[in-house]
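Please read the structure below before turning to the comments.
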Amino acid sequence: MHLKNYLSDLKGKDLITTQEWSIDEIKATIELARELREIYEKNNGRIPWNFLDKKTFIMLFYASSTRTRSAFETAMTLLGGHAQFITSSMTREGEGEKHKDIAKMYEIYGEGIGIRLLDHAIDFIYGRGNKVLREYAKYADVPIINMADDTFHPTQAMGDYMTIEEKLGKLQGKKYVLMWAYAPVPRGYCSINSEMLLGTRLGMDIVVAHPPGFELPEEIVKMAEENAKASGASLEFSNNYKEALEGAHVVFPRSWISQRMAREGYSKFWEEERKIYEKYKDWKLKMEDLDLMDPKGIITHVLPVLRGHEADDEVMDSSRSVIYEQARNNLFAKAAALLQTLGIVE
């Protein structure tokens, strides 16, 4: 079967951040995800063509996962291939084996390598995870897919914008609020960075609302500003989340770490960080806040949502919430990314 949105020139290409793919490649991949979902639905939960027949995707997890592992495994199964789950503790890296040698071995055993490395696995020190992914990419001659590091989560962002576009229609000029929300545990930047970067490329007006001290990484903000300039979008920042919510078409309530903790790490700064969080417990998305939004506005979340902290149960279970549709679409976004990078078996 011919897939109209499959791009053979993406075969072998890494997917570490959406910034390194053209906007046409990203749009084609999102459309391919829709195409695969349509095939799946028309065939009673199956994709009857083994597009990745006998291909193996090595999944190396340094950090835990509820959805990402399952979605990639299911995607490979649906496409006729195999996903191999490996945790970092299962490797000999702890005994001193180098990333170069791990990369070269997995290059032999699989047609692609996925890596997840963030949060406690890097003591929440910003930049460490992405540095390791790029080291693997340097040595491996098969595509590296970022399954979430401390900086980016590209397949998540593609699945999210697939959902947002289906709910809102044309994205140009729509307002998307990335809202810092209280949580009693630390969380990294990857999903927020990725939403901001891809949204500004797709023409959305992004507003990032956060308390003082929770600014996003400067180099990522600069990229997003350049994206917005090129697409005709806008990027704004606010320290007042209620003002930011005015007229919003999409709101994503999620905590992220302060700049100081991103520099010093969990082991050194968490006790102080936790005290800072407590000052902003009122930064929570409540049902009354939805009245500030556009009447047809939606609530998104990449999950896990920390219910009762980041947002009330009533919000996340309301008709405005699309969290489970996002999760479903992320399965097909990951399947599309695998097809584009691993290449269809002819």
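In the structure tokens, the first chain shown is A, the next is B, and so on; residue numbers restart at 1 for each chain, and ligands run from 1 in the order shown.
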Wanna dump the stretch 18-107 of chain A-stretch 215-230 of chain A contacts at 12 Å for me, each residue with its shortest atom pair and the distance in Å to one decimal, counting only C-alpha atoms, ordered by chain and number, as CSV?
```
residue,atom,partner,partner_atom,distance
A:Thr18,CA,A:Met223,CA,11.5
A:Gln19,CA,A:Met223,CA,8.5
A:Glu20,CA,A:Met223,CA,11.5
A:Ser22,CA,A:Asn227,CA,11.7
A:Ile23,CA,A:Asn227,CA,10.5
```
Include N, CA, C and O atoms and write out the residues we just selected as a CSV table (one decimal), in the first residue's frame.
```csv
chain,number,residue,atom,x,y,z
A,18,THR,N,12.2,18.8,17.0
A,18,THR,CA,11.4,19.2,15.8
A,18,THR,C,12.1,20.4,15.1
A,18,THR,O,11.9,20.6,13.9
A,19,GLN,N,13.0,21.1,15.8
A,19,GLN,CA,13.7,22.2,15.2
A,19,GLN,C,14.6,21.8,14.1
A,19,GLN,O,14.9,22.6,13.2
A,20,GLU,N,15.0,20.5,14.1
A,20,GLU,CA,16.0,20.1,13.1
A,20,GLU,C,15.3,19.4,11.9
A,20,GLU,O,16.0,18.8,11.1
A,22,SER,N,12.3,20.2,8.8
A,22,SER,CA,11.7,21.3,8.2
A,22,SER,C,10.2,21.3,8.6
A,22,SER,O,9.7,20.2,9.0
A,23,ILE,N,9.5,22.4,8.5
A,23,ILE,CA,8.1,22.5,8.8
A,23,ILE,C,7.3,21.6,7.9
A,23,ILE,O,6.3,21.0,8.3
```
### Query
When DSSP works through the backbone of this structure, what residues of stretch 60-280 of chain A end up as helix (DSSP H, G or I), shown as a PyMOL selection string?
chain A and resi 68-78+88-90+93-95+99-109+119-122+128-139+154-168+190-201+218-231+241-245+259-264+266-278
### Task
Tell me which protein, DNA and RNA residues are within 10 Å of A:Ile102, counting only C-alpha atoms, leaving out same-chain ones fewer than 3 positions away, and put them as a ChimeraX atom specification.
/A:91-93,97-99,105-107,136,139-140
Requested write-out: all heavy atoms of the selected residues, as a tab-separated table (two decimals), in the first residue's frame:
```tsv
chain	number	residue	atom	x	y	z
A	91	THR	N	22.31	-2.43	31.00
A	91	THR	CA	23.54	-2.31	30.23
A	91	THR	C	24.76	-2.38	31.16
A	91	THR	O	24.62	-2.45	32.38
A	91	THR	CB	23.59	-0.98	29.45
A	91	THR	OG1	23.83	0.10	30.36
A	91	THR	CG2	22.29	-0.74	28.70
A	92	ARG	N	25.95	-2.30	30.58
A	92	ARG	CA	27.17	-2.29	31.39
A	92	ARG	C	27.74	-0.88	31.53
A	92	ARG	O	28.90	-0.71	31.89
A	92	ARG	CB	28.21	-3.23	30.76
A	92	ARG	CG	27.72	-4.63	30.46
A	92	ARG	CD	27.25	-5.37	31.71
A	92	ARG	NE	28.35	-5.84	32.50
A	92	ARG	CZ	28.91	-7.05	32.36
A	92	ARG	NH1	28.47	-7.88	31.45
A	92	ARG	NH2	29.93	-7.40	33.14
A	93	GLU	N	26.89	0.12	31.23
A	93	GLU	CA	27.37	1.50	31.33
A	93	GLU	C	27.82	1.83	32.75
A	93	GLU	O	28.80	2.56	32.94
A	93	GLU	CB	26.26	2.46	30.90
A	93	GLU	CG	26.70	3.93	30.89
A	93	GLU	CD	25.62	4.87	30.40
A	93	GLU	OE1	24.64	4.39	29.80
A	93	GLU	OE2	25.77	6.08	30.62
A	97	GLU	N	31.24	1.13	30.56
A	97	GLU	CA	31.13	1.01	29.10
A	97	GLU	C	30.74	2.36	28.50
A	97	GLU	O	29.87	3.07	29.02
A	97	GLU	CB	30.08	-0.04	28.73
A	97	GLU	CG	30.03	-0.32	27.24
A	97	GLU	CD	29.14	-1.49	26.88
A	97	GLU	OE1	28.29	-1.90	27.71
A	97	GLU	OE2	29.29	-2.02	25.76
A	98	LYS	N	31.39	2.73	27.41
A	98	LYS	CA	31.20	4.04	26.81
A	98	LYS	C	29.96	4.07	25.90
A	98	LYS	O	29.58	3.08	25.31
A	98	LYS	CB	32.44	4.42	25.98
A	98	LYS	CG	33.73	4.52	26.80
A	98	LYS	CD	33.61	5.57	27.90
A	98	LYS	CE	34.91	5.71	28.68
A	98	LYS	NZ	34.78	6.66	29.81
A	99	HIS	N	29.40	5.28	25.79
A	99	HIS	CA	28.25	5.47	24.91
A	99	HIS	C	28.56	5.08	23.47
A	99	HIS	O	27.71	4.54	22.77
A	99	HIS	CB	27.77	6.93	24.96
A	99	HIS	CG	27.25	7.33	26.30
A	99	HIS	ND1	27.48	8.56	26.85
A	99	HIS	CD2	26.50	6.65	27.21
A	99	HIS	CE1	26.90	8.64	28.03
A	99	HIS	NE2	26.32	7.49	28.28
A	105	MET	N	26.95	-1.14	19.12
A	105	MET	CA	26.34	-2.46	19.28
A	105	MET	C	24.86	-2.42	18.90
A	105	MET	O	24.36	-3.28	18.17
A	105	MET	CB	26.49	-2.94	20.74
A	105	MET	CG	27.91	-3.32	21.13
A	105	MET	SD	28.64	-4.60	20.07
A	105	MET	CE	29.62	-3.60	18.95
A	106	TYR	N	24.14	-1.41	19.39
A	106	TYR	CA	22.70	-1.35	19.10
A	106	TYR	C	22.44	-1.00	17.64
A	106	TYR	O	21.39	-1.35	17.10
A	106	TYR	CB	22.01	-0.36	20.05
A	106	TYR	CG	21.91	-0.87	21.47
A	106	TYR	CD1	21.79	0.01	22.54
A	106	TYR	CD2	21.92	-2.24	21.74
A	106	TYR	CE1	21.70	-0.46	23.84
A	106	TYR	CE2	21.82	-2.71	23.03
A	106	TYR	CZ	21.72	-1.82	24.09
A	106	TYR	OH	21.62	-2.30	25.36
A	107	GLU	N	23.39	-0.38	17.01
A	107	GLU	CA	23.30	-0.13	15.56
A	107	GLU	C	23.31	-1.46	14.80
A	107	GLU	O	22.63	-1.60	13.78
A	107	GLU	CB	24.49	0.74	15.15
A	107	GLU	CG	24.72	0.87	13.67
A	107	GLU	CD	26.11	1.44	13.40
A	107	GLU	OE1	26.45	2.47	14.01
A	107	GLU	OE2	26.86	0.84	12.61
A	136	TYR	N	25.18	9.76	21.38
A	136	TYR	CA	24.71	8.54	20.71
A	136	TYR	C	24.53	8.79	19.21
A	136	TYR	O	24.90	7.97	18.37
A	136	TYR	CB	23.40	8.06	21.31
A	136	TYR	CG	23.54	7.19	22.53
A	136	TYR	CD1	23.31	7.68	23.80
A	136	TYR	CD2	23.89	5.85	22.40
A	136	TYR	CE1	23.44	6.87	24.93
A	136	TYR	CE2	24.02	5.03	23.51
A	136	TYR	CZ	23.80	5.55	24.77
A	136	TYR	OH	23.94	4.74	25.88
A	139	TYR	N	27.72	8.69	17.10
A	139	TYR	CA	28.36	7.40	16.84
A	139	TYR	C	27.48	6.38	16.13
A	139	TYR	O	28.00	5.50	15.44
A	139	TYR	CB	28.87	6.80	18.16
A	139	TYR	CG	29.99	7.59	18.79
A	139	TYR	CD1	29.82	8.20	20.03
A	139	TYR	CD2	31.20	7.76	18.14
A	139	TYR	CE1	30.83	8.95	20.61
A	139	TYR	CE2	32.23	8.51	18.70
A	139	TYR	CZ	32.03	9.10	19.94
A	139	TYR	OH	33.05	9.84	20.50
A	140	ALA	N	26.18	6.47	16.28
A	140	ALA	CA	25.30	5.47	15.68
A	140	ALA	C	25.00	5.82	14.22
A	140	ALA	O	24.70	6.97	13.90
A	140	ALA	CB	24.00	5.37	16.46
```
Contacts of stretch 100-219 of chain A with stretch 250-255 of chain A up to 10 Å, shortest pair per row, only C-alpha atoms, as a tab-separated table:
```
residue	atom	partner	partner_atom	distance
A:Ile164	CA	A:Val250	CA	7.9
A:Lys167	CA	A:Val250	CA	9.8
A:Leu168	CA	A:Val250	CA	8.9
A:Lys174	CA	A:Val250	CA	8.1
A:Lys175	CA	A:Val250	CA	6.5
A:Tyr176	CA	A:Val250	CA	4.6
A:Val177	CA	A:Val251	CA	4.8
A:Leu178	CA	A:Phe252	CA	5.1
A:Met179	CA	A:Pro253	CA	4.7
A:Trp180	CA	A:Ser255	CA	4.9
A:Ala181	CA	A:Ser255	CA	4.6
A:Tyr182	CA	A:Ser255	CA	5.7
A:Ala183	CA	A:Ser255	CA	6.0
A:Pro184	CA	A:Ser255	CA	9.2
A:Val185	CA	A:Ser255	CA	8.6
A:Pro186	CA	A:Ser255	CA	7.4
A:Arg187	CA	A:Ser255	CA	6.2
A:Gly188	CA	A:Ser255	CA	8.1
A:Tyr189	CA	A:Ser255	CA	8.8
A:Ser191	CA	A:Arg254	CA	9.2
A:Ile192	CA	A:Arg254	CA	8.2
A:Glu195	CA	A:Phe252	CA	9.5
A:Ile206	CA	A:Val250	CA	9.6
A:Val207	CA	A:Val251	CA	9.5
A:Val208	CA	A:Phe252	CA	9.8
A:Ala209	CA	A:Pro253	CA	9.5
A:His210	CA	A:Ser255	CA	9.0
A:Phe214	CA	A:Ser255	CA	9.4
```
### Task
Name the closest residue to A:Lys296 among the candidates A:Arg320, A:Lys170, A:Arg46, A:Arg69; distances are taken between atoms, counting only C-alpha atoms.
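So, comparing all the options, the nearest one is A:Arg320.
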List as a JSON list (two decimals) with all heavy atoms, in the first residue's frame the protein and nucleic acid residues near A:Met261, meaning an atom at most 12 Å away when only C-alpha atoms are counted, but skip any in the same chain fewer than 3 places from it.
```json
[["chain", "number", "residue", "atom", "x", "y", "z"],
["A", 119, "ASP", "N", 15.24, 14.12, 34.03],
["A", 119, "ASP", "CA", 14.81, 14.21, 35.42],
["A", 119, "ASP", "C", 15.82, 13.57, 36.40],
["A", 119, "ASP", "O", 16.98, 13.92, 36.39],
["A", 119, "ASP", "CB", 13.40, 13.63, 35.58],
["A", 119, "ASP", "CG", 12.35, 14.46, 34.84],
["A", 119, "ASP", "OD1", 12.70, 15.56, 34.35],
["A", 119, "ASP", "OD2", 11.20, 14.02, 34.74],
["A", 123, "ASP", "N", 19.85, 14.10, 37.61],
["A", 123, "ASP", "CA", 19.79, 14.97, 38.78],
["A", 123, "ASP", "C", 19.13, 16.32, 38.44],
["A", 123, "ASP", "O", 19.40, 17.31, 39.09],
["A", 123, "ASP", "CB", 21.18, 15.20, 39.37],
["A", 123, "ASP", "CG", 21.12, 15.71, 40.80],
["A", 123, "ASP", "OD1", 20.21, 15.32, 41.55],
["A", 123, "ASP", "OD2", 21.99, 16.55, 41.16],
["A", 124, "PHE", "N", 18.30, 16.34, 37.39],
["A", 124, "PHE", "CA", 17.57, 17.53, 36.95],
["A", 124, "PHE", "C", 18.50, 18.66, 36.49],
["A", 124, "PHE", "O", 18.08, 19.81, 36.41],
["A", 124, "PHE", "CB", 16.63, 18.04, 38.05],
["A", 124, "PHE", "CG", 15.35, 17.27, 38.14],
["A", 124, "PHE", "CD1", 15.28, 16.12, 38.93],
["A", 124, "PHE", "CD2", 14.23, 17.66, 37.43],
["A", 124, "PHE", "CE1", 14.10, 15.40, 39.01],
["A", 124, "PHE", "CE2", 13.04, 16.94, 37.51],
["A", 124, "PHE", "CZ", 12.98, 15.80, 38.30],
["A", 125, "ILE", "N", 19.74, 18.36, 36.19],
["A", 125, "ILE", "CA", 20.65, 19.40, 35.69],
["A", 125, "ILE", "C", 20.45, 19.55, 34.19],
["A", 125, "ILE", "O", 20.68, 18.63, 33.41],
["A", 125, "ILE", "CB", 22.11, 19.08, 36.03],
["A", 125, "ILE", "CG1", 22.29, 19.13, 37.55],
["A", 125, "ILE", "CG2", 23.05, 20.07, 35.34],
["A", 125, "ILE", "CD1", 23.69, 18.80, 38.03],
["A", 126, "TYR", "N", 20.00, 20.73, 33.81],
["A", 126, "TYR", "CA", 19.58, 20.98, 32.44],
["A", 126, "TYR", "C", 20.73, 20.85, 31.45],
["A", 126, "TYR", "O", 21.83, 21.37, 31.67],
["A", 126, "TYR", "CB", 18.98, 22.39, 32.34],
["A", 126, "TYR", "CG", 18.52, 22.76, 30.96],
["A", 126, "TYR", "CD1", 17.41, 22.14, 30.41],
["A", 126, "TYR", "CD2", 19.22, 23.68, 30.20],
["A", 126, "TYR", "CE1", 16.98, 22.46, 29.13],
["A", 126, "TYR", "CE2", 18.79, 24.01, 28.92],
["A", 126, "TYR", "CZ", 17.67, 23.39, 28.40],
["A", 126, "TYR", "OH", 17.27, 23.71, 27.12],
["A", 186, "PRO", "N", 9.39, 17.87, 41.46],
["A", 186, "PRO", "CA", 10.00, 18.61, 40.34],
["A", 186, "PRO", "C", 9.71, 17.96, 39.00],
["A", 186, "PRO", "O", 9.56, 16.74, 38.91],
["A", 186, "PRO", "CB", 11.50, 18.54, 40.66],
["A", 186, "PRO", "CG", 11.65, 17.25, 41.40],
["A", 186, "PRO", "CD", 10.39, 17.09, 42.21],
["A", 187, "ARG", "N", 9.63, 18.79, 37.96],
["A", 187, "ARG", "CA", 9.43, 18.29, 36.60],
["A", 187, "ARG", "C", 10.26, 19.14, 35.67],
["A", 187, "ARG", "O", 10.41, 20.35, 35.87],
["A", 187, "ARG", "CB", 7.95, 18.34, 36.23],
["A", 187, "ARG", "CG", 7.07, 17.66, 37.26],
["A", 187, "ARG", "CD", 5.61, 17.67, 36.90],
["A", 187, "ARG", "NE", 5.35, 16.64, 35.90],
["A", 187, "ARG", "CZ", 4.12, 16.32, 35.50],
["A", 187, "ARG", "NH1", 3.07, 16.95, 35.97],
["A", 187, "ARG", "NH2", 3.94, 15.38, 34.60],
["A", 188, "GLY", "N", 10.80, 18.50, 34.63],
["A", 188, "GLY", "CA", 11.71, 19.19, 33.71],
["A", 188, "GLY", "C", 10.99, 20.00, 32.65],
["A", 188, "GLY", "O", 9.77, 20.14, 32.65],
["A", 189, "TYR", "N", 11.78, 20.51, 31.71],
["A", 189, "TYR", "CA", 11.29, 21.45, 30.71],
["A", 189, "TYR", "C", 10.83, 20.82, 29.40],
["A", 189, "TYR", "O", 10.23, 21.51, 28.57],
["A", 189, "TYR", "CB", 12.42, 22.41, 30.31],
["A", 189, "TYR", "CG", 12.97, 23.30, 31.37],
["A", 189, "TYR", "CD1", 14.34, 23.30, 31.66],
["A", 189, "TYR", "CD2", 12.17, 24.20, 32.05],
["A", 189, "TYR", "CE1", 14.88, 24.15, 32.61],
["A", 189, "TYR", "CE2", 12.70, 25.06, 33.00],
["A", 189, "TYR", "CZ", 14.06, 25.02, 33.29],
["A", 189, "TYR", "OH", 14.59, 25.87, 34.22],
["A", 213, "GLY", "N", 11.35, 33.56, 38.44],
["A", 213, "GLY", "CA", 12.35, 32.53, 38.72],
["A", 213, "GLY", "C", 12.16, 31.26, 37.93],
["A", 213, "GLY", "O", 13.02, 30.38, 37.94],
["A", 214, "PHE", "N", 11.01, 31.14, 37.23],
["A", 214, "PHE", "CA", 10.71, 29.94, 36.46],
["A", 214, "PHE", "C", 10.76, 30.20, 34.96],
["A", 214, "PHE", "O", 10.05, 29.57, 34.18],
["A", 214, "PHE", "CB", 9.36, 29.37, 36.88],
["A", 214, "PHE", "CG", 9.37, 28.79, 38.26],
["A", 214, "PHE", "CD1", 9.18, 29.61, 39.37],
["A", 214, "PHE", "CD2", 9.62, 27.45, 38.47],
["A", 214, "PHE", "CE1", 9.21, 29.08, 40.65],
["A", 214, "PHE", "CE2", 9.66, 26.91, 39.74],
["A", 214, "PHE", "CZ", 9.45, 27.73, 40.85],
["A", 215, "GLU", "N", 11.62, 31.13, 34.57],
["A", 215, "GLU", "CA", 11.81, 31.42, 33.15],
["A", 215, "GLU", "C", 12.33, 30.18, 32.43],
["A", 215, "GLU", "O", 13.08, 29.37, 33.01],
["A", 215, "GLU", "CB", 12.79, 32.58, 32.98],
["A", 215, "GLU", "CG", 12.28, 33.92, 33.47],
["A", 215, "GLU", "CD", 12.33, 34.10, 34.97],
["A", 215, "GLU", "OE1", 13.01, 33.30, 35.66],
["A", 215, "GLU", "OE2", 11.68, 35.04, 35.49],
["A", 256, "TRP", "N", 7.17, 23.13, 36.14],
["A", 256, "TRP", "CA", 8.54, 22.90, 35.70],
["A", 256, "TRP", "C", 9.50, 23.53, 36.69],
["A", 256, "TRP", "O", 9.11, 24.38, 37.49],
["A", 256, "TRP", "CB", 8.79, 23.39, 34.27],
["A", 256, "TRP", "CG", 8.62, 24.86, 34.00],
["A", 256, "TRP", "CD1", 9.53, 25.85, 34.20],
["A", 256, "TRP", "CD2", 7.46, 25.51, 33.42],
["A", 256, "TRP", "NE1", 9.03, 27.07, 33.80],
["A", 256, "TRP", "CE2", 7.77, 26.88, 33.31],
["A", 256, "TRP", "CE3", 6.21, 25.06, 32.98],
["A", 256, "TRP", "CZ2", 6.85, 27.81, 32.79],
["A", 256, "TRP", "CZ3", 5.32, 25.98, 32.46],
["A", 256, "TRP", "CH2", 5.64, 27.34, 32.37],
["A", 257, "ILE", "N", 10.74, 23.10, 36.66],
["A", 257, "ILE", "CA", 11.72, 23.52, 37.66],
["A", 257, "ILE", "C", 12.17, 24.97, 37.45],
["A", 257, "ILE", "O", 12.03, 25.52, 36.36],
["A", 257, "ILE", "CB", 12.95, 22.59, 37.67],
["A", 257, "ILE", "CG1", 13.63, 22.55, 36.28],
["A", 257, "ILE", "CG2", 12.57, 21.20, 38.13],
["A", 257, "ILE", "CD1", 14.92, 21.74, 36.25],
["A", 258, "SER", "N", 12.73, 25.53, 38.51],
["A", 258, "SER", "CA", 13.28, 26.87, 38.43],
["A", 258, "SER", "C", 14.62, 26.85, 37.70],
["A", 258, "SER", "O", 15.26, 25.80, 37.58],
["A", 258, "SER", "CB", 13.48, 27.45, 39.82],
["A", 258, "SER", "OG", 14.55, 26.78, 40.49],
["A", 264, "GLU", "N", 21.79, 23.84, 39.50],
["A", 264, "GLU", "CA", 22.41, 23.19, 40.67],
["A", 264, "GLU", "C", 22.02, 21.73, 40.84],
["A", 264, "GLU", "O", 22.77, 20.96, 41.44],
["A", 264, "GLU", "CB", 22.07, 23.98, 41.93],
["A", 264, "GLU", "CG", 22.61, 25.41, 41.89],
["A", 264, "GLU", "CD", 22.44, 26.12, 43.22],
["A", 264, "GLU", "OE1", 22.30, 25.44, 44.26],
["A", 264, "GLU", "OE2", 22.47, 27.37, 43.22],
["A", 265, "GLY", "N", 20.85, 21.36, 40.36],
["A", 265, "GLY", "CA", 20.42, 19.97, 40.44],
["A", 265, "GLY", "C", 19.58, 19.65, 41.67],
["A", 265, "GLY", "O", 19.52, 20.39, 42.64],
["A", 266, "TYR", "N", 18.91, 18.52, 41.57],
["A", 266, "TYR", "CA", 18.00, 18.05, 42.62],
["A", 266, "TYR", "C", 18.74, 17.80, 43.93],
["A", 266, "TYR", "O", 18.28, 18.20, 45.00],
["A", 266, "TYR", "CB", 17.33, 16.76, 42.15],
["A", 266, "TYR", "CG", 16.37, 16.15, 43.13],
["A", 266, "TYR", "CD1", 15.01, 16.48, 43.10],
["A", 266, "TYR", "CD2", 16.79, 15.21, 44.07],
["A", 266, "TYR", "CE1", 14.11, 15.91, 43.98],
["A", 266, "TYR", "CE2", 15.91, 14.63, 44.97],
["A", 266, "TYR", "CZ", 14.57, 14.99, 44.92],
["A", 266, "TYR", "OH", 13.69, 14.42, 45.81],
["A", 267, "SER", "N", 19.87, 17.12, 43.86],
["A", 267, "SER", "CA", 20.57, 16.71, 45.09],
["A", 267, "SER", "C", 21.02, 17.90, 45.93],
["A", 267, "SER", "O", 21.07, 17.81, 47.16],
["A", 267, "SER", "CB", 21.77, 15.82, 44.75],
["A", 267, "SER", "OG", 22.65, 16.49, 43.87],
["A", 268, "LYS", "N", 21.30, 19.02, 45.29],
["A", 268, "LYS", "CA", 21.76, 20.21, 46.02],
["A", 268, "LYS", "C", 20.64, 21.17, 46.37],
["A", 268, "LYS", "O", 20.71, 21.84, 47.41],
["A", 268, "LYS", "CB", 22.82, 20.96, 45.20],
["A", 268, "LYS", "CG", 24.15, 20.25, 45.09],
["A", 268, "LYS", "CD", 25.15, 21.13, 44.35],
["A", 268, "LYS", "CE", 26.50, 20.45, 44.26],
["A", 268, "LYS", "NZ", 27.48, 21.30, 43.53],
["A", 269, "PHE", "N", 19.62, 21.26, 45.51],
["A", 269, "PHE", "CA", 18.70, 22.38, 45.65],
["A", 269, "PHE", "C", 17.25, 21.99, 45.94],
["A", 269, "PHE", "O", 16.42, 22.88, 46.18],
["A", 269, "PHE", "CB", 18.76, 23.28, 44.40],
["A", 269, "PHE", "CG", 18.12, 24.63, 44.58],
["A", 269, "PHE", "CD1", 18.64, 25.55, 45.47],
["A", 269, "PHE", "CD2", 16.98, 24.95, 43.87],
["A", 269, "PHE", "CE1", 18.06, 26.80, 45.66],
["A", 269, "PHE", "CE2", 16.37, 26.20, 44.04],
["A", 269, "PHE", "CZ", 16.92, 27.13, 44.94],
["A", 270, "TRP", "N", 16.91, 20.71, 45.95],
["A", 270, "TRP", "CA", 15.50, 20.35, 46.02],
["A", 270, "TRP", "C", 14.79, 20.88, 47.27],
["A", 270, "TRP", "O", 13.66, 21.35, 47.19],
["A", 270, "TRP", "CB", 15.31, 18.84, 45.93],
["A", 270, "TRP", "CG", 13.89, 18.45, 46.27],
["A", 270, "TRP", "CD1", 13.48, 17.62, 47.27],
["A", 270, "TRP", "CD2", 12.69, 18.90, 45.63],
["A", 270, "TRP", "NE1", 12.11, 17.53, 47.30],
["A", 270, "TRP", "CE2", 11.60, 18.31, 46.30],
["A", 270, "TRP", "CE3", 12.43, 19.75, 44.56],
["A", 270, "TRP", "CZ2", 10.28, 18.54, 45.94],
["A", 270, "TRP", "CZ3", 11.11, 19.99, 44.19],
["A", 270, "TRP", "CH2", 10.05, 19.39, 44.87],
["A", 271, "GLU", "N", 15.43, 20.82, 48.43],
["A", 271, "GLU", "CA", 14.75, 21.28, 49.64],
["A", 271, "GLU", "C", 14.39, 22.75, 49.55],
["A", 271, "GLU", "O", 13.31, 23.16, 49.97],
["A", 271, "GLU", "CB", 15.62, 21.01, 50.87],
["A", 271, "GLU", "CG", 15.69, 19.53, 51.25],
["A", 271, "GLU", "CD", 14.31, 18.90, 51.43],
["A", 271, "GLU", "OE1", 13.45, 19.51, 52.09],
["A", 271, "GLU", "OE2", 14.09, 17.80, 50.88],
["A", 272, "GLU", "N", 15.26, 23.57, 48.97],
["A", 272, "GLU", "CA", 14.95, 24.98, 48.76],
["A", 272, "GLU", "C", 13.89, 25.14, 47.67],
["A", 272, "GLU", "O", 12.99, 25.98, 47.78],
["A", 272, "GLU", "CB", 16.21, 25.75, 48.40],
["A", 272, "GLU", "CG", 17.20, 25.91, 49.54],
["A", 272, "GLU", "CD", 16.59, 26.65, 50.73],
["A", 272, "GLU", "OE1", 15.92, 27.68, 50.51],
["A", 272, "GLU", "OE2", 16.78, 26.17, 51.86],
["A", 273, "GLU", "N", 14.00, 24.35, 46.63],
["A", 273, "GLU", "CA", 13.06, 24.41, 45.52],
["A", 273, "GLU", "C", 11.63, 24.12, 46.00],
["A", 273, "GLU", "O", 10.67, 24.81, 45.63],
["A", 273, "GLU", "CB", 13.46, 23.40, 44.44],
["A", 273, "GLU", "CG", 12.56, 23.35, 43.22],
["A", 273, "GLU", "CD", 12.98, 24.29, 42.10],
["A", 273, "GLU", "OE1", 13.82, 25.17, 42.36],
["A", 273, "GLU", "OE2", 12.47, 24.15, 40.98],
["A", 274, "ARG", "N", 11.52, 23.12, 46.83],
["A", 274, "ARG", "CA", 10.20, 22.73, 47.34],
["A", 274, "ARG", "C", 9.54, 23.87, 48.10],
["A", 274, "ARG", "O", 8.34, 24.10, 47.99],
["A", 274, "ARG", "CB", 10.35, 21.50, 48.23],
["A", 274, "ARG", "CG", 9.04, 20.93, 48.74],
["A", 274, "ARG", "CD", 9.27, 19.62, 49.49],
["A", 274, "ARG", "NE", 10.23, 19.80, 50.57],
["A", 274, "ARG", "CZ", 9.94, 20.32, 51.77],
["A", 274, "ARG", "NH1", 8.72, 20.74, 52.02],
["A", 274, "ARG", "NH2", 10.86, 20.43, 52.69],
["A", 276, "ILE", "N", 10.03, 27.02, 47.57],
["A", 276, "ILE", "CA", 9.60, 28.02, 46.57],
["A", 276, "ILE", "C", 8.26, 27.63, 45.98],
["A", 276, "ILE", "O", 7.36, 28.45, 45.83],
["A", 276, "ILE", "CB", 10.67, 28.17, 45.47],
["A", 276, "ILE", "CG1", 11.98, 28.71, 46.06],
["A", 276, "ILE", "CG2", 10.18, 29.10, 44.36],
["A", 276, "ILE", "CD1", 13.15, 28.66, 45.10],
["A", 277, "TYR", "N", 8.10, 26.33, 45.66],
["A", 277, "TYR", "CA", 6.85, 25.85, 45.08],
["A", 277, "TYR", "C", 5.67, 26.19, 45.99],
["A", 277, "TYR", "O", 4.59, 26.56, 45.51],
["A", 277, "TYR", "CB", 6.87, 24.34, 44.88],
["A", 277, "TYR", "CG", 7.78, 23.82, 43.79],
["A", 277, "TYR", "CD1", 8.56, 24.67, 43.01],
["A", 277, "TYR", "CD2", 7.85, 22.45, 43.53],
["A", 277, "TYR", "CE1", 9.37, 24.17, 42.02],
["A", 277, "TYR", "CE2", 8.67, 21.94, 42.53],
["A", 277, "TYR", "CZ", 9.44, 22.81, 41.79],
["A", 277, "TYR", "OH", 10.25, 22.31, 40.80]]
```
### Query
atom CA of A:Asn240 and atom CA of A:Arg260, how far apart in Å?
20.7 Å
### Message
I'd like to know which residues of stretch 158-290 of chain A are strand (DSSP E) (by DSSP, run on the backbone); could you write them as a PyMOL selection string?
### Response
chain A and resi 175-179+205-209+235-238+250-253
